[in-house]
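**Q** Next up, coords08.csv (CSV, C-alpha atoms).
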```csv
chain,number,residue,atom,x,y,z
A,1,MET,CA,-65.3,22.6,67.2
A,2,LEU,CA,-63.8,24.8,70.0
A,3,VAL,CA,-60.0,24.9,70.4
A,4,VAL,CA,-58.4,27.3,72.8
A,5,ILE,CA,-54.7,28.0,72.0
A,6,ASN,CA,-52.8,29.9,74.7
A,7,CYS,CA,-49.8,31.8,73.2
A,8,LYS,CA,-46.9,32.5,75.5
A,9,LYS,CA,-43.8,34.6,75.4
A,10,THR,CA,-41.0,32.1,74.6
A,11,LYS,CA,-37.3,32.8,74.4
A,12,ASN,CA,-36.5,29.8,72.2
A,13,MET,CA,-38.4,29.6,68.9
A,14,LYS,CA,-37.2,27.5,66.0
A,15,LYS,CA,-38.0,27.9,62.4
A,16,ILE,CA,-39.0,24.7,60.5
A,17,MET,CA,-38.0,25.1,56.9
A,18,LEU,CA,-39.5,22.8,54.4
A,19,PHE,CA,-37.2,22.7,51.4
A,20,LEU,CA,-39.3,22.3,48.3
A,21,SER,CA,-36.3,23.5,46.3
A,22,PHE,CA,-33.5,25.9,46.5
A,23,LEU,CA,-35.9,28.6,45.3
A,24,ILE,CA,-39.2,27.8,47.0
A,25,VAL,CA,-38.6,27.6,50.7
A,26,ILE,CA,-41.7,27.6,52.8
A,27,GLY,CA,-41.2,28.6,56.4
A,28,PHE,CA,-43.4,27.4,59.2
A,29,TYR,CA,-42.9,28.2,62.8
A,30,SER,CA,-43.4,26.4,66.1
A,31,CYS,CA,-42.4,26.4,69.7
A,32,ASN,CA,-39.4,24.2,70.6
A,33,GLU,CA,-40.3,20.6,71.5
A,34,ASP,CA,-40.2,21.2,75.2
A,35,GLU,CA,-42.4,24.2,75.0
A,36,LYS,CA,-44.7,22.4,72.6
A,37,SER,CA,-45.2,19.5,75.0
A,38,LYS,CA,-45.7,22.0,77.9
A,39,ASN,CA,-48.4,23.9,75.9
A,40,GLU,CA,-50.1,20.7,74.8
A,41,THR,CA,-50.3,19.6,78.5
A,42,GLU,CA,-51.6,23.0,79.6
A,43,ASN,CA,-54.2,23.1,76.8
A,44,SER,CA,-55.4,19.5,77.4
A,45,ASP,CA,-58.8,20.7,78.5
A,46,PHE,CA,-59.8,22.0,75.1
A,47,SER,CA,-63.0,20.6,73.7
A,48,VAL,CA,-63.6,19.6,70.1
A,49,HIS,CA,-66.9,19.0,68.4
A,50,ALA,CA,-66.5,18.5,64.6
A,51,ARG,CA,-68.7,17.2,61.9
A,52,GLY,CA,-65.9,15.9,59.7
A,53,ALA,CA,-65.6,16.5,55.9
A,54,THR,CA,-69.2,17.2,55.2
A,55,ASP,CA,-70.9,19.8,52.9
A,56,SER,CA,-72.0,21.8,55.9
A,57,ILE,CA,-69.6,22.6,58.7
A,58,ASP,CA,-69.7,25.1,61.6
A,59,GLN,CA,-66.7,25.3,63.9
A,60,ALA,CA,-64.9,27.8,66.1
A,61,TYR,CA,-61.6,28.4,67.8
A,62,LYS,CA,-59.8,31.1,69.7
A,63,ILE,CA,-56.2,32.2,70.2
A,64,VAL,CA,-55.5,33.7,73.6
A,65,TYR,CA,-52.5,35.9,74.5
A,66,GLU,CA,-52.4,37.6,77.9
A,67,ASP,CA,-55.4,40.0,77.8
A,68,ARG,CA,-56.0,39.6,74.1
A,69,VAL,CA,-58.4,37.1,72.4
A,70,LEU,CA,-58.8,36.3,68.7
A,71,GLU,CA,-62.1,34.5,68.3
A,72,VAL,CA,-62.7,32.8,64.9
A,73,THR,CA,-65.9,31.3,63.7
A,74,LEU,CA,-65.8,29.1,60.6
A,75,GLU,CA,-68.5,28.1,58.2
A,76,LYS,CA,-68.6,25.8,55.2
A,77,ARG,CA,-71.5,25.4,52.8
A,78,GLN,CA,-70.6,23.3,49.8
A,79,ASN,CA,-67.7,25.1,48.3
A,80,ASP,CA,-68.3,28.4,50.1
A,81,TYR,CA,-65.8,28.9,53.0
A,82,LYS,CA,-66.1,31.8,55.5
A,83,ASN,CA,-64.2,32.9,58.6
A,84,LYS,CA,-65.2,35.7,60.9
A,85,PHE,CA,-62.4,37.2,63.1
A,86,SER,CA,-63.3,39.0,66.3
A,87,TYR,CA,-60.3,40.6,68.1
A,88,LYS,CA,-60.7,41.7,71.7
A,89,VAL,CA,-58.5,43.4,74.2
A,90,ASN,CA,-59.6,43.3,77.8
A,91,GLU,CA,-63.0,42.2,76.4
A,92,GLU,CA,-63.3,45.3,74.3
A,93,LEU,CA,-63.9,44.5,70.6
A,94,LEU,CA,-61.3,46.1,68.5
A,95,PHE,CA,-62.5,44.7,65.2
A,96,SER,CA,-64.7,42.1,63.5
A,97,LEU,CA,-63.6,41.2,60.0
A,98,GLN,CA,-64.7,38.5,57.6
A,99,TYR,CA,-63.0,36.6,54.8
A,100,SER,CA,-64.5,34.1,52.4
A,101,PHE,CA,-63.7,32.2,49.2
A,102,ASN,CA,-65.3,29.6,46.9
A,103,ASN,CA,-62.8,26.9,45.9
A,104,GLY,CA,-65.3,25.3,43.5
A,105,GLU,CA,-64.8,28.1,40.9
A,106,GLU,CA,-62.3,27.5,38.2
A,107,GLY,CA,-59.2,29.6,38.7
A,108,TRP,CA,-60.4,30.9,42.1
A,109,LYS,CA,-56.9,31.3,43.4
A,110,TYR,CA,-56.1,33.9,40.9
A,111,ASP,CA,-58.7,36.3,42.4
A,112,GLU,CA,-57.2,35.9,45.9
A,113,GLN,CA,-54.4,38.5,45.4
A,114,ALA,CA,-56.8,41.4,44.8
A,115,LYS,CA,-59.2,40.1,47.5
A,116,ALA,CA,-56.4,39.7,50.1
A,117,ILE,CA,-55.2,43.3,49.4
A,118,ALA,CA,-58.8,44.6,49.8
A,119,PHE,CA,-59.0,42.6,53.1
A,120,ALA,CA,-55.7,44.2,54.3
A,121,ASN,CA,-57.2,47.6,53.5
A,122,GLU,CA,-60.1,46.9,55.7
A,123,LEU,CA,-57.6,46.3,58.5
A,124,LYS,CA,-55.7,49.5,57.5
A,125,GLU,CA,-58.9,51.6,57.9
A,126,LEU,CA,-59.2,50.6,61.5
A,127,ASN,CA,-56.0,52.7,62.3
A,128,LEU,CA,-54.8,50.3,64.9
A,129,GLU,CA,-51.6,51.2,66.8
A,130,GLN,CA,-48.4,49.8,65.5
A,131,SER,CA,-47.8,47.9,68.8
A,132,GLU,CA,-51.3,46.3,68.5
A,133,LEU,CA,-50.5,45.0,65.0
A,134,GLU,CA,-47.2,43.7,66.3
A,135,THR,CA,-48.9,41.9,69.2
A,136,LEU,CA,-51.5,40.4,66.8
A,137,LYS,CA,-48.7,39.3,64.5
A,138,ARG,CA,-47.1,37.5,67.4
A,139,MET,CA,-50.3,35.8,68.3
A,140,LEU,CA,-50.7,34.5,64.8
A,141,PHE,CA,-47.1,33.5,64.6
A,142,GLU,CA,-47.3,31.4,67.8
A,143,GLY,CA,-50.8,30.1,67.3
A,144,TYR,CA,-50.6,29.0,63.7
A,145,ASN,CA,-48.7,25.8,64.1
A,146,GLU,CA,-50.5,24.8,67.2
A,147,LEU,CA,-53.8,25.2,65.4
A,148,PHE,CA,-52.8,23.2,62.4
A,149,PHE,CA,-51.4,20.5,64.7
A,150,TYR,CA,-55.0,20.0,65.9
A,151,VAL,CA,-56.4,20.3,62.3
A,152,ASP,CA,-54.0,17.6,61.1
A,153,GLU,CA,-54.4,15.3,64.0
A,154,ASN,CA,-58.2,15.3,63.8
A,155,ASN,CA,-58.4,15.4,60.0
A,156,TYR,CA,-60.4,18.6,60.0
A,157,ASN,CA,-61.1,20.5,56.8
A,158,GLU,CA,-57.8,22.3,56.2
A,159,ASP,CA,-59.2,24.8,53.6
A,160,LEU,CA,-61.6,26.1,56.1
A,161,PHE,CA,-58.9,26.7,58.7
A,162,SER,CA,-56.5,28.1,56.1
A,163,ILE,CA,-58.3,31.4,56.0
A,164,LEU,CA,-56.3,32.4,59.1
A,165,ALA,CA,-53.4,32.9,56.6
A,166,TYR,CA,-55.3,35.8,55.1
A,167,LEU,CA,-55.5,37.6,58.4
A,168,ASP,CA,-51.8,37.0,58.9
A,169,SER,CA,-51.1,38.4,55.4
A,170,ALA,CA,-53.3,41.5,56.2
A,171,VAL,CA,-51.4,42.2,59.4
A,172,SER,CA,-48.0,41.5,57.8
A,173,SER,CA,-48.7,43.8,54.8
A,174,ASN,CA,-49.9,46.6,57.1
A,175,LEU,CA,-46.8,46.4,59.1
A,176,ARG,CA,-44.6,46.3,56.0
A,177,MET,CA,-46.4,49.4,54.6
A,178,ARG,CA,-45.8,51.3,57.8
A,179,GLU,CA,-42.1,50.2,58.0
A,180,ALA,CA,-41.6,51.4,54.4
A,181,GLY,CA,-43.3,54.7,55.1
A,182,ALA,CA,-45.7,53.9,52.2
A,183,GLY,CA,-49.3,55.0,51.9
A,184,GLU,CA,-50.8,51.9,50.2
A,185,ILE,CA,-51.0,48.2,50.8
A,186,GLU,CA,-49.0,46.2,48.3
A,187,GLY,CA,-48.6,42.4,47.9
A,188,THR,CA,-47.8,39.8,45.3
A,189,ILE,CA,-49.4,36.4,45.6
A,190,SER,CA,-46.8,33.6,46.1
A,191,PRO,CA,-46.6,30.9,43.5
A,192,SER,CA,-46.3,28.4,46.3
A,193,PHE,CA,-50.0,29.1,47.0
A,194,LEU,CA,-50.9,28.7,43.3
A,195,VAL,CA,-49.3,25.2,43.1
A,196,GLU,CA,-50.8,24.1,46.5
A,197,LYS,CA,-47.5,24.1,48.4
A,198,SER,CA,-48.6,26.6,51.0
A,199,HIS,CA,-51.6,28.5,52.4
A,200,PHE,CA,-52.0,32.1,51.1
A,201,ILE,CA,-49.0,34.4,51.5
A,202,PHE,CA,-47.6,37.4,49.8
A,203,MET,CA,-44.1,37.0,48.3
A,204,GLU,CA,-43.0,40.2,50.2
A,205,ASP,CA,-43.9,38.5,53.6
A,206,PHE,CA,-42.3,35.2,52.7
A,207,ASN,CA,-38.9,35.1,54.4
A,208,VAL,CA,-36.2,32.8,53.1
A,209,ASN,CA,-33.3,31.9,55.4
A,210,LEU,CA,-30.1,32.5,53.3
A,211,ASP,CA,-27.9,31.0,55.9
A,212,LEU,CA,-29.5,27.6,55.3
A,213,LEU,CA,-29.1,28.0,51.6
A,214,ARG,CA,-25.4,29.0,52.1
A,215,ASP,CA,-24.9,25.8,54.1
A,216,ASN,CA,-25.9,23.9,50.9
A,217,ILE,CA,-24.3,26.3,48.4
A,218,ASP,CA,-22.1,23.6,46.8
A,219,LEU,CA,-25.2,21.6,46.0
A,220,LEU,CA,-26.9,24.7,44.6
A,221,LYS,CA,-23.9,25.6,42.5
A,222,GLU,CA,-23.6,22.1,41.1
A,223,GLU,CA,-27.2,22.2,40.1
A,224,ALA,CA,-26.7,25.6,38.5
A,225,ILE,CA,-23.7,24.3,36.5
A,226,ASN,CA,-25.8,21.3,35.4
A,227,THR,CA,-28.6,23.4,34.1
A,228,GLY,CA,-26.3,25.9,32.4
A,229,LEU,CA,-28.8,28.6,33.1
A,230,GLU,CA,-27.7,32.2,33.8
A,231,GLN,CA,-30.6,32.7,36.1
A,232,ASP,CA,-29.5,29.8,38.3
A,233,MET,CA,-25.9,31.0,38.5
A,234,ASN,CA,-26.9,34.6,39.2
A,235,MET,CA,-29.0,33.5,42.1
A,236,VAL,CA,-26.2,31.3,43.5
A,237,ASN,CA,-23.8,34.2,43.3
A,238,PHE,CA,-26.3,36.4,45.1
A,239,ILE,CA,-26.7,33.9,47.9
A,240,LYS,CA,-22.9,33.6,48.3
A,241,THR,CA,-22.1,37.3,48.2
A,242,THR,CA,-25.0,39.1,50.0
A,243,PRO,CA,-24.3,40.0,53.6
A,244,LYS,CA,-28.0,39.4,54.5
A,245,SER,CA,-29.1,36.4,56.5
A,246,SER,CA,-32.5,36.4,54.9
A,247,VAL,CA,-34.5,37.9,52.0
A,248,THR,CA,-38.1,37.9,51.0
A,249,PHE,CA,-39.2,35.5,48.4
A,250,ASP,CA,-39.9,38.1,45.7
A,251,LYS,CA,-36.2,38.9,45.6
A,252,LEU,CA,-35.3,35.3,44.7
A,253,TYR,CA,-38.2,34.9,42.3
A,254,SER,CA,-37.1,38.1,40.4
A,255,PHE,CA,-34.1,36.1,39.1
A,256,TYR,CA,-36.7,34.2,36.9
A,257,ALA,CA,-39.6,36.6,36.4
A,258,SER,CA,-40.1,40.2,37.2
A,259,LYS,CA,-42.8,41.2,39.6
A,260,ILE,CA,-44.5,43.3,36.9
A,261,ASP,CA,-44.7,40.3,34.5
A,262,PHE,CA,-45.9,37.9,37.2
A,263,LYS,CA,-48.6,40.3,38.4
A,264,GLN,CA,-49.7,40.6,34.8
A,265,HIS,CA,-50.0,36.9,34.5
A,266,ILE,CA,-52.1,36.8,37.6
A,267,ALA,CA,-54.3,39.6,36.4
A,268,GLU,CA,-54.9,37.6,33.2
A,269,LYS,CA,-55.4,34.4,35.1
A,270,ALA,CA,-52.7,33.1,32.7
A,271,ILE,CA,-53.0,29.5,33.9
A,272,PHE,CA,-56.5,29.3,32.6
A,273,LYS,CA,-56.2,31.7,29.7
A,274,ALA,CA,-57.2,30.2,26.3
A,275,GLY,CA,-54.3,30.0,23.9
A,276,ASP,CA,-52.1,28.4,26.5
A,277,CYS,CA,-48.4,29.3,26.7
A,278,LYS,CA,-46.6,32.3,25.2
A,279,GLU,CA,-42.9,32.9,24.5
A,280,SER,CA,-43.0,35.4,27.3
A,281,CYS,CA,-43.6,32.6,29.8
A,282,ILE,CA,-40.0,32.5,31.2
A,283,ILE,CA,-40.2,29.2,32.9
A,284,GLY,CA,-42.2,27.4,30.3
A,285,CYS,CA,-45.8,26.1,30.1
A,286,GLY,CA,-48.0,24.5,32.8
A,287,SER,CA,-48.3,21.4,30.7
A,288,ASP,CA,-44.5,21.0,30.1
A,289,TRP,CA,-42.5,18.2,31.6
A,290,GLY,CA,-41.0,19.5,34.8
A,291,CYS,CA,-43.7,22.0,35.7
A,292,CYS,CA,-45.2,21.1,39.1
A,293,GLY,CA,-48.8,20.6,38.2
A,294,ASN,CA,-50.5,20.3,34.8
A,295,TYR,CA,-52.5,23.2,33.5
A,296,LYS,CA,-52.9,25.8,30.8
A,297,GLY,CA,-50.9,28.9,30.6
A,298,CYS,CA,-47.5,29.8,32.1
A,299,CYS,CA,-45.7,27.6,34.5
A,300,TYR,CA,-45.0,29.2,37.8
A,301,TYR,CA,-42.8,26.6,39.5
A,302,SER,CA,-40.7,23.8,38.1
A,303,SER,CA,-38.3,21.3,39.7
A,304,SER,CA,-36.2,18.3,38.9
A,305,LEU,CA,-38.5,16.2,41.1
A,306,CYS,CA,-41.5,17.1,39.0
A,307,LEU,CA,-39.5,16.4,35.8
A,308,ALA,CA,-38.6,12.9,37.1
A,309,HIS,CA,-42.3,12.3,37.9
A,310,ASP,CA,-43.5,13.5,34.5
A,311,LEU,CA,-41.0,11.4,32.6
A,312,LEU,CA,-42.0,8.4,34.6
A,313,CYS,CA,-45.7,9.0,34.0
A,314,THR,CA,-45.9,9.7,30.2
A,315,ASP,CA,-48.1,6.6,29.9
A,316,CYS,CA,-49.5,6.7,33.5
A,317,GLY,CA,-48.0,3.3,34.1
A,318,HIS,CA,-46.7,3.8,37.6
A,319,TRP,CA,-48.5,4.0,41.0
A,320,THR,CA,-47.0,7.4,41.8
A,321,CYS,CA,-48.7,9.0,38.8
A,322,GLY,CA,-52.0,9.4,40.7
A,323,TRP,CA,-55.6,8.9,39.7
A,324,GLY,CA,-55.8,12.2,37.6
A,325,CYS,CA,-52.9,11.2,35.3
A,326,VAL,CA,-53.5,11.6,31.6
A,327,PRO,CA,-51.2,9.8,29.1
A,328,ASP,CA,-49.2,12.0,26.8
A,329,GLY,CA,-50.6,12.1,23.2
A,330,PRO,CA,-48.7,11.0,20.1
A,331,GLU,CA,-47.2,14.5,19.7
A,332,GLY,CA,-45.3,14.1,23.0
A,333,ASN,CA,-44.3,17.0,25.2
A,334,ARG,CA,-41.4,19.2,25.9
A,335,VAL,CA,-39.3,20.0,29.0
A,336,VAL,CA,-39.7,23.4,30.7
A,337,LYS,CA,-37.2,26.1,29.7
A,338,ILE,CA,-36.0,26.5,33.3
A,339,ILE,CA,-35.7,23.9,36.1
A,340,MET,CA,-36.0,26.2,39.1
A,341,GLY,CA,-35.7,23.6,41.9
A,342,ALA,CA,-33.2,20.9,42.6
A,343,VAL,CA,-35.4,18.7,44.6
```
How does the structure come out when it is put into structure tokens?

**A**
Amino acid sequence: MLVVINCKKTKNMKKIMLFLSFLIVIGFYSCNEDEKSKNETENSDFSVHARGATDSIDQAYKIVYEDRVLEVTLEKRQNDYKNKFSYKVNEELLFSLQYSFNNGEEGWKYDEQAKAIAFANELKELNLEQSELETLKRMLFEGYNELFFYVDENNYNEDLFSILAYLDSAVSSNLRMREAGAGEIEGTISPSFLVEKSHFIFMEDFNVNLDLLRDNIDLLKEEAINTGLEQDMNMVNFIKTTPKSSVTFDKLYSFYASKIDFKQHIAEKAIFKAGDCKESCIIGCGSDWGCCGNYKGCCYYSSSLCLAHDLLCTDCGHWTCGWGCVPDGPEGNRVVKIIMGAV
């Protein structure tokens, strides 16, 4: 596959916010509809050669911005996925980096935080100019949605293309480190990635639009009153009173679990840890009704929608329960301690 995506300077960019709940808000970005149509017309000469969802795939694409080109080669062998990123300015190679993962390994996602930080440090060691990192960030920002438009339209292997998110995280964390005047790369894996609601992203680079939440503050307050949970009300009050128009996701998640505790769970691969759930699991267990997903260890995200699904599927008697549904045993189950999301 070869797709050429031309990024352009646009005055009008809109942010498409997918509300999974009033806590987990995943932001995706695209050009406005007119600009998108224009870009699709201008890029109509791209060529695509794909092998489909096979055990062996070789593909490629590039993102072009003025005199800069990001060339990406992709390789899949069974469950081994690899991307190679080559970044050129005026045809001069500034870097060649590689990222890979194996999604056939149990609990593989819990290794990605450390791997992504190590990858970001590879980029850090190149000592690129701040302006160069900012330009690369813009290329990724504008090219991301266009790329996944093609991936979705042509039913390409999304996991293989999703490795672009690791480069975006590496660039973002390097810029964040410099802006903070820090000397080390830091990042906390987002639970949205763990529960398959987003590609890889660090909480600290995951921006939540508070203006949109304030527009729905009555709904959020009603939900907080219904749950009767102090954490919910504290977060609603924060949204109402803070003068900021946006915050990073780690700020909102801290109302439910501290970053230190969450990182410790990740380090222990808590979801797959024998012994299942502990009292220290603030939200509840991965097997509790209302937790999005069904797994051992601590729950990282819950919602009323998942609770409704779980209660409907105690005996797997509904079509929405899915092929992997397992009926509850005679001992029954329990509801999570915290319902984090309203939808």

**Q** Work out how far CA of Asp58 in chain A is from CA of Glu75 in chain A, in Å to one decimal.

**A** 4.7 Å

**Q** Set the distance at 9 Å and use all atoms listed in the file: which residues neighbour Asn121 in chain A once local chain neighbours fewer than 6 positions away are removed? I'd like the list as JSON, numbers by chain.

**A** {"A": [170, 174, 184, 185]}

**Q** May I have the centre and edge lengths, in Å to one decimal, of an axis-aligned box around the listed atoms of range 155-173 of chain A with 4 Å added to every side, as lines of an AutoDock Vina configuration file?

**A**
```
center_x = -54.8
center_y = 29.6
center_z = 56.8
size_x = 21.6
size_y = 36.4
size_z = 14.4
```

**Q** Closest to Tyr295 in chain A among A:Val236, A:Val195, A:Ile217, A:Cys316, using all atoms listed in the file?

**A**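 Ranking A:Val236, A:Val195, A:Ile217, A:Cys316 by distance to Tyr295 in chain A, first place goes to A:Val195.
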
**Q** Interatomic distance between CA of Leu136 in chain A and CA of Ser162 in chain A?

**A**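 Separation of CA of Leu136 in chain A and CA of Ser162 in chain A: 17.1 Å.
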
**Q** By how many Å are CA of Gln98 in chain A and CA of Glu66 in chain A apart?

**A**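 About the pair CA of Gln98 in chain A and CA of Glu66 in chain A: they are 23.8 Å apart.
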
**Q** Please list as number ranges by chain every residue within 12 Å of Leu167 in chain A, counting all atoms listed in the file and excluding residues in the same chain fewer than 3 positions away.

**A** A: 70, 72, 83-87, 96-100, 115-124, 133, 136-137, 139-141, 144, 161-164, 170-174, 199-202

**Q** Write out as a PyMOL selection string each polymer residue whose atoms come within 6 Å of Lys88 in chain A, counting all atoms listed in the file; drop sequence neighbours fewer than 4 positions from it.

**A** chain A and resi 68-69+92-94

**Q** Check the smallest atom-to-atom distance from each of A:Glu112, A:Gly284, A:Asn226, A:Asp159 to Ile338 in chain A using all atoms listed in the file, then report the winner.

**A** A:Gly284

**Q** Which of these residues is nearest to Ser246 in chain A, using all atoms listed in the file: A:Glu134, A:Asp288, A:Asp111, A:Asp211?

**A**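 Checking each of A:Glu134, A:Asp288, A:Asp111, A:Asp211 against Ser246 in chain A, counting all atoms listed in the file, the winner is A:Asp211.
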